[in-house]
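Trainee: See query_12.txt below, with compact mmCIF, C-alpha atoms.
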```txt
# COMPACT_ATOMS: atom_id res chain seq x y z
CA MET L 1 0.00 0.00 0.00
CA ILE L 2 1.29 3.44 -0.95
CA VAL L 3 1.47 6.06 1.78
CA GLN L 4 -0.88 8.98 1.10
CA VAL L 5 0.45 12.33 2.33
CA ARG L 6 -1.54 15.56 2.28
CA PRO L 7 0.49 18.58 1.12
CA ALA L 8 0.17 20.11 4.59
CA ASP L 9 1.82 16.98 6.06
CA LEU L 10 4.55 16.57 3.44
CA ALA L 11 7.32 18.31 5.39
CA ALA L 12 6.72 16.07 8.41
CA TRP L 13 6.69 12.93 6.25
CA LEU L 14 9.89 13.96 4.47
CA GLN L 15 11.58 14.65 7.78
CA SER L 16 10.46 11.32 9.22
CA VAL L 17 11.81 9.27 6.31
CA ALA L 18 14.83 11.35 5.34
CA SER L 19 16.70 11.14 8.63
CA ASP L 20 18.81 8.23 7.39
CA ALA L 21 19.02 9.30 3.75
CA ALA L 22 22.25 10.80 2.48
CA ALA L 23 20.54 12.73 -0.33
CA LEU L 24 17.85 15.38 -0.16
CA PRO L 25 14.36 13.84 -0.52
CA VAL L 26 12.66 14.19 -3.91
CA VAL L 27 9.25 15.45 -4.95
CA LEU L 28 8.74 13.78 -8.31
CA ASP L 29 6.38 15.93 -10.38
CA VAL L 30 4.88 13.62 -13.01
CA ARG L 31 2.77 16.23 -14.79
CA GLU L 32 3.28 17.27 -18.40
CA PRO L 33 5.58 20.21 -19.29
CA TRP L 34 2.67 22.55 -20.03
CA GLU L 35 1.29 21.82 -16.56
CA LEU L 36 4.64 22.67 -14.96
CA GLN L 37 4.62 25.99 -16.82
CA THR L 38 1.09 26.67 -15.56
CA ALA L 39 1.76 25.87 -11.90
CA SER L 40 4.74 24.60 -9.97
CA VAL L 41 5.89 24.26 -6.38
CA GLN L 42 8.94 25.83 -4.80
CA PRO L 43 11.36 23.28 -3.33
CA ALA L 44 11.77 23.60 0.44
CA GLY L 45 13.55 20.74 2.15
CA PHE L 46 13.34 18.61 -0.99
CA ARG L 47 14.59 18.48 -4.56
CA LEU L 48 11.95 18.91 -7.26
CA VAL L 49 12.40 16.46 -10.16
CA PRO L 50 10.02 16.84 -13.13
CA ILE L 51 9.54 13.67 -15.17
CA PRO L 52 6.24 13.24 -17.04
CA MET L 53 4.40 10.07 -16.07
CA GLY L 54 4.87 8.45 -19.48
CA ASP L 55 8.64 8.99 -19.33
CA VAL L 56 9.22 7.54 -15.85
CA PRO L 57 9.97 3.94 -16.95
CA ALA L 58 12.60 5.06 -19.47
CA ARG L 59 14.13 7.55 -17.03
CA LEU L 60 14.06 5.36 -13.92
CA SER L 61 17.86 5.42 -13.73
CA GLU L 62 17.69 9.17 -12.96
CA LEU L 63 16.13 8.34 -9.58
CA ASP L 64 17.82 6.80 -6.54
CA PRO L 65 15.79 3.90 -5.11
CA ASP L 66 17.10 4.66 -1.61
CA THR L 67 16.11 8.35 -1.61
CA PRO L 68 12.64 9.20 -0.25
CA ILE L 69 10.31 10.14 -3.10
CA ALA L 70 6.90 11.80 -2.89
CA CYS L 71 5.03 11.84 -6.20
CA LEU L 72 2.98 14.84 -7.33
CA CYS L 73 0.50 15.44 -10.16
CA HIS L 74 -2.62 17.58 -10.67
CA HIS L 75 -5.10 15.76 -8.40
CA GLY L 76 -3.18 12.67 -7.21
CA ALA L 77 -4.25 9.89 -9.59
CA ARG L 78 -1.25 9.84 -11.94
CA SER L 79 1.17 10.29 -9.07
CA LEU L 80 -0.40 7.35 -7.22
CA ARG L 81 0.21 5.11 -10.25
CA VAL L 82 3.81 6.30 -10.50
CA ALA L 83 4.35 5.78 -6.76
CA ALA L 84 3.05 2.21 -7.09
CA PHE L 85 5.34 1.63 -10.09
CA LEU L 86 8.33 2.93 -8.12
CA ALA L 87 7.49 0.74 -5.13
CA GLN L 88 7.22 -2.32 -7.40
CA ASN L 89 10.67 -1.48 -8.72
CA GLY L 90 12.36 -1.37 -5.34
CA PHE L 91 12.05 2.30 -4.41
CA ASP L 92 11.53 2.89 -0.69
CA PRO L 93 10.21 5.00 0.89
CA VAL L 94 7.65 6.27 -1.62
CA ALA L 95 4.51 8.33 -1.04
CA ASN L 96 1.76 9.93 -3.07
CA ILE L 97 0.90 13.58 -2.46
CA HIS L 98 -2.84 13.18 -2.02
CA GLY L 99 -4.84 15.84 -3.84
CA GLY L 100 -1.90 16.87 -6.00
CA ILE L 101 -0.94 20.41 -6.82
CA GLU L 102 -4.60 21.40 -6.53
CA ALA L 103 -4.49 20.53 -2.82
CA TRP L 104 -1.01 22.07 -2.55
CA SER L 105 -2.48 25.40 -3.65
CA GLY L 106 -5.35 25.11 -1.18
CA GLU L 107 -3.34 23.83 1.81
CA LEU L 108 0.18 25.22 1.50
CA ASP L 109 0.63 27.94 -1.05
CA PRO L 110 -2.32 29.89 -2.49
CA ALA L 111 0.15 31.61 -4.85
CA VAL L 112 0.35 28.33 -6.82
CA PRO L 113 -2.17 28.77 -9.64
CA ARG L 114 -5.09 26.39 -9.91
CA TYR L 115 -6.02 25.03 -13.32
```
When written as structure tokens, how does the structure in this file appear?
Mentor:
Amino acid sequence: MIVQVRPADLAAWLQSVASDAAALPVVLDVREPWELQTASVQPAGFRLVPIPMGDVPARLSELDPDTPIACLCHHGARSLRVAAFLAQNGFDPVANIHGGIEAWSGELDPAVPRY
């Protein structure tokens, strides 16, 4: 089962899982490039890595399976599928940012545009 993390709880989750990690945790944004141009998050305590969902399998080597990864999309459905794919491929810990960037705008940063 994939951990579901609300945007408001992301910092606490990252801190809880990153204590043993050598690298900065990752928020994997799996939205399309036009979506990133429309709305994006500002990294704070994590590294933002944009890889569209359809490109993740081919670009898996760009991610470290031992670095905590929280997946982000528009509403949380695509990111949940990517999080499950990562978990099946040995990535741990992995979480889905429940509600996506839409919830991020509502819970954390109203300056992030909604679309």
Trainee: Calculated over only C-alpha atoms, which of the candidates L:Met1, L:Ala95, L:Val26, L:Leu14 has the smallest distance to Pro43 of chain L?
Mentor: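 Of L:Met1, L:Ala95, L:Val26, L:Leu14, the one nearest Pro43 of chain L is L:Val26, counting only C-alpha atoms.
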Trainee: Using only C-alpha atoms for the distances, tell me which of L:Arg81, L:Arg31, L:His74, L:His98 is nearest to Tyr115 of chain L.
Mentor: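 Under the stated criterion, the closest residue is L:His74.
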Trainee: Which is closest to Arg6 of chain L among L:Ala18, L:Val82, L:Val30, L:Cys71, if we use only C-alpha atoms?
Mentor: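 Ranked by minimum distance to Arg6 of chain L, first place goes to L:Cys71.
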Trainee: Identify, on the basis of all atoms listed in the file, every residue whose closest approach to Ser79 of chain L does not exceed 12 Å; exclude the query and any residue fewer than 5 positions from it along the same chain; express the result as an MDAnalysis selection string.
Mentor: chainID L and resid 2:5 27:32 50:54 56 69:74 84:86 94:101
Trainee: From the set L:Asp9, L:Glu107, L:Glu35, L:Asp64, which residue has the shortest atom-to-atom contact distance to Gly90 of chain L, counting all atoms listed in the file?
Mentor: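 Smallest distance to Gly90 of chain L is found for L:Asp64.
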Trainee: Atom CA of Trp104 of chain L and atom CA of Pro7 of chain L, how far apart in Å?
Mentor: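 These two atoms are separated by 5.3 Å.
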